[in-house]
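Novice: What follows is a structure written as structure tokens; I'll ask about it next.
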Amino acid sequence: MKYTSTINIPQFQEDLITWFEKEQRQLPWRENQDPYRVWVSEIMLQQTKVDTVIPYFQNFMEHFPTLTALAEANEQKVLKAWEGLGYYSRARNLQTAVKEVVAQYDAKVPNDPKQLADLKGVGPYTKGAILSIAFDKAEPAVDGNVMRVLSRILRIEEDIAKAKTRKTFESVVRDVISEENPSAFNQGLMELGALVCTPKKPSCLLCPVQEHCVAFSDGVEQSLPIKKKKIKQSLHTYFVLVVQDDAGNYLLEQRPDQGLLAQLWQFPMVKADEVDEKHLSAYVQEKFDVNVVEMKDLEPVKHVFSHLTWFLNVKHVTVKGDMTVPGHMEHLSKEEIKQYPLPVSHQNIYKQL
DNA sequence: GACGCGTGGCA
DNA sequence: TTGCCAAGCGT
């Protein structure tokens, strides 16, 4: 289910478009509907702020005022005009696409969605932006602003970090877009997202469509949109030291009382990047003041947490001598260990004993 | 579907 | 300081 809320769509369209016509910023690419200029501006605006783009756009148009001029330009000169703007493949792809338009479409930007989509650097958003802004076609142009604004207006609680969520919002836009003025409607959504319905602290009291906004009405506008953070699935590699003395007892350590697996017990662990494997024996002798008699590999254990992965190289270490037991550790028989709470990964080690 | 791609502004 | 973001796209 996309959403369950309902709004007065014609009134929403009118309020949004009226606000956009009155409050829109005067930007160089809004001087006319030239598809080439719209196209260049949309490419430059990808992941880039308006204020950053303005001087680049003006300079670019002076150097390459027409689609044909850009197609015939020296690539190095194009890149020079892009210098500092970032994402340089945008510039190369744009010139590739412009050459394609010259060759295939008589130097006229196509207004066919499929033909546009085949152009290098023109994805779903840019395609919709060109179709609606340059050609007045009622096509969705869903960017981050649109997802944020509509997730609030309709209280759509989907994760906008997921790629496929864009399609959900394209479908939503098809439901609510103004067929009469899709250009102002699409731009109005984006302009509203940039000026009013901002990611942090949206200016709801000034919002021209406040009365349509379900999130505002429900008091949840601050917690939308839902955007789950990408968590690096980092890999943490350890040596696990199953230290057994000549009486058959094992060493267990308690984890810190904050953080991952707080206060649980485990066989002593050392990060693999903190001690070289060939120095493990010396490490054990030094740390526990014992003589290492034998060291044998047990089966390694892999454990996946929600946000990280442990890879545990397990060493069974037989020692001799009176062991120095640090404060956060215990010296326990195999039977006594059963009384202690272990993480699953260390239960899997215990099973090997 | 996840990742790399640039840069500048902001808290 | 460090993360997070800002009109995405290609691979």
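Naming scheme: A, B, ... for chains in displayed order of the structure tokens; residues 1 onward per chain; ligands 1 onward as shown.
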Can you tell me which residues surround DC3 (chain B) at a distance of at most 10 Å, considering only C-alpha atoms (C1' of nucleotides), apart from same-chain residues fewer than 2 positions away, and format the answer as JSON, numbers by chain?

Specialist: {"B": [1, 5], "C": [11]}

Novice: Would you give me, as a Markdown table, each residue of chain B having an atom within 10 Å of an atom of chain A, along with its shortest atom pair and that distance in Å to one decimal, using only C-alpha atoms (C1' of nucleotides) and sorting by chain and residue number?

Specialist:
| residue | atom | partner | partner_atom | distance |
| --- | --- | --- | --- | --- |
| B:DG1 | C1' | A:Ala163 | CA | 7.6 |
| B:DA2 | C1' | A:Ala163 | CA | 9.7 |
| B:DC5 | C1' | A:Tyr87 | CA | 5.8 |
| B:DG6 | C1' | A:Gly86 | CA | 4.0 |
| B:DT7 | C1' | A:Gly86 | CA | 5.9 |
| B:DG8 | C1' | A:Thr52 | CA | 8.3 |
| B:DG9 | C1' | A:Lys49 | CA | 9.7 |

Novice: Can you check which residues of region 180-349 of chain A DSSP gives as alpha helix (DSSP H) on the backbone and send them as a PyMOL selection string?

Specialist: chain A and resi 182-195+214-218+280-288+334-337+344-349

Novice: Could you give me, as CSV, every chain C residue with an atom at most 8 Å from chain A, plus its closest atom pair and distance in Å to one decimal, counting only C-alpha atoms (C1' of nucleotides), rows ordered by chain then number?

Specialist:
residue,atom,partner,partner_atom,distance
C:DA6,C1',A:Gln47,CA,4.7
C:DA7,C1',A:Leu45,CA,5.1
C:DG8,C1',A:Gln46,CA,5.6
C:DC9,C1',A:Gly121,CA,6.0
C:DG10,C1',A:Gly121,CA,7.8

Novice: Take the selection from the previous step and output its residues with N, CA and C atoms (P, O5', C5', C4', C3', O3' and C1' of nucleotides), as a CSV table (one decimal), in the first residue's frame.

Specialist:
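Contents of selection08.csv, freshly written:
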chain,number,residue,atom,x,y,z
C,6,DA,P,19.0,17.6,2.4
C,6,DA,O5',19.4,18.1,0.9
C,6,DA,C5',20.1,19.3,0.8
C,6,DA,C4',20.3,19.5,-0.7
C,6,DA,C3',19.6,18.5,-1.6
C,6,DA,O3',18.6,19.2,-2.3
C,6,DA,C1',22.0,18.6,-2.1
C,7,DA,P,17.2,18.3,-2.5
C,7,DA,O5',17.4,18.0,-4.0
C,7,DA,C5',16.8,18.8,-5.1
C,7,DA,C4',16.9,18.0,-6.3
C,7,DA,C3',18.4,17.8,-6.8
C,7,DA,O3',18.5,16.6,-7.5
C,7,DA,C1',17.2,19.0,-8.4
C,8,DG,P,19.1,15.3,-6.7
C,8,DG,O5',19.7,14.4,-7.9
C,8,DG,C5',18.7,13.5,-8.6
C,8,DG,C4',19.4,13.1,-9.8
C,8,DG,C3',18.8,11.8,-10.5
C,8,DG,O3',19.0,12.0,-11.9
C,8,DG,C1',21.0,11.3,-9.6
C,9,DC,P,18.6,10.8,-12.9
C,9,DC,O5',20.0,10.1,-13.2
C,9,DC,C5',21.0,10.9,-13.7
C,9,DC,C4',22.2,10.0,-14.0
C,9,DC,C3',21.9,8.7,-14.6
C,9,DC,O3',22.7,8.6,-15.8
C,9,DC,C1',23.2,8.3,-12.7
C,10,DG,P,22.5,7.3,-16.8
C,10,DG,O5',23.8,6.5,-16.4
C,10,DG,C5',25.1,7.1,-16.5
C,10,DG,C4',26.2,6.1,-16.1
C,10,DG,C3',26.1,4.8,-16.9
C,10,DG,O3',27.4,4.4,-17.2
C,10,DG,C1',26.0,4.4,-14.5

Novice: What lies within 7 Å of Asn249 (chain A) using only C-alpha atoms (C1' of nucleotides), ignoring chain neighbours under 4 positions off, as number ranges by chain?

Specialist: A: 244-245, 331-334

Novice: Kindly export the residues of the current selection with all heavy atoms, as an mmCIF file, in the first residue's frame.

Specialist:
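Below is the file out.cif, written as the result:
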data_model
loop_
_atom_site.group_PDB
_atom_site.id
_atom_site.type_symbol
_atom_site.label_atom_id
_atom_site.label_comp_id
_atom_site.auth_asym_id
_atom_site.auth_seq_id
_atom_site.Cartn_x
_atom_site.Cartn_y
_atom_site.Cartn_z
ATOM 1 N N GLN A 244 43.516 -22.659 28.260
ATOM 2 C CA GLN A 244 43.229 -23.748 29.198
ATOM 3 C C GLN A 244 44.496 -24.101 29.976
ATOM 4 O O GLN A 244 45.560 -24.323 29.381
ATOM 5 C CB GLN A 244 42.734 -24.982 28.428
ATOM 6 C CG GLN A 244 42.306 -26.124 29.345
ATOM 7 C CD GLN A 244 41.735 -27.296 28.579
ATOM 8 O OE1 GLN A 244 42.140 -27.538 27.427
ATOM 9 N NE2 GLN A 244 40.805 -28.007 29.179
ATOM 10 N N ASP A 245 44.388 -24.144 31.294
ATOM 11 C CA ASP A 245 45.578 -24.447 32.090
ATOM 12 C C ASP A 245 45.693 -25.955 32.330
ATOM 13 O O ASP A 245 44.854 -26.742 31.867
ATOM 14 C CB ASP A 245 45.553 -23.682 33.420
ATOM 15 C CG ASP A 245 44.430 -24.140 34.328
ATOM 16 O OD1 ASP A 245 43.762 -25.170 33.994
ATOM 17 O OD2 ASP A 245 44.193 -23.483 35.353
ATOM 18 N N HIS A 331 38.472 -17.474 36.108
ATOM 19 C CA HIS A 331 39.147 -18.728 35.821
ATOM 20 C C HIS A 331 38.158 -19.837 36.157
ATOM 21 O O HIS A 331 37.819 -20.025 37.318
ATOM 22 C CB HIS A 331 40.405 -18.818 36.710
ATOM 23 C CG HIS A 331 41.428 -19.748 36.190
ATOM 24 N ND1 HIS A 331 42.502 -20.173 36.934
ATOM 25 C CD2 HIS A 331 41.566 -20.333 34.975
ATOM 26 C CE1 HIS A 331 43.250 -20.974 36.217
ATOM 27 N NE2 HIS A 331 42.715 -21.099 35.020
ATOM 28 N N LEU A 332 37.658 -20.533 35.150
ATOM 29 C CA LEU A 332 36.486 -21.374 35.363
ATOM 30 C C LEU A 332 36.647 -22.760 34.753
ATOM 31 O O LEU A 332 37.326 -22.924 33.728
ATOM 32 C CB LEU A 332 35.258 -20.714 34.715
ATOM 33 C CG LEU A 332 34.924 -19.313 35.196
ATOM 34 C CD1 LEU A 332 33.983 -18.644 34.216
ATOM 35 C CD2 LEU A 332 34.316 -19.349 36.580
ATOM 36 N N SER A 333 35.988 -23.719 35.381
ATOM 37 C CA SER A 333 35.948 -25.058 34.793
ATOM 38 C C SER A 333 34.944 -25.066 33.649
ATOM 39 O O SER A 333 34.091 -24.180 33.535
ATOM 40 C CB SER A 333 35.528 -26.093 35.842
ATOM 41 O OG SER A 333 34.141 -25.941 36.118
ATOM 42 N N LYS A 334 35.058 -26.084 32.815
ATOM 43 C CA LYS A 334 34.142 -26.193 31.687
ATOM 44 C C LYS A 334 32.686 -26.196 32.157
ATOM 45 O O LYS A 334 31.808 -25.605 31.523
ATOM 46 C CB LYS A 334 34.448 -27.481 30.914
ATOM 47 C CG LYS A 334 33.691 -27.603 29.614
ATOM 48 C CD LYS A 334 34.144 -28.812 28.810
ATOM 49 C CE LYS A 334 33.316 -28.952 27.539
ATOM 50 N NZ LYS A 334 33.684 -30.161 26.768
#
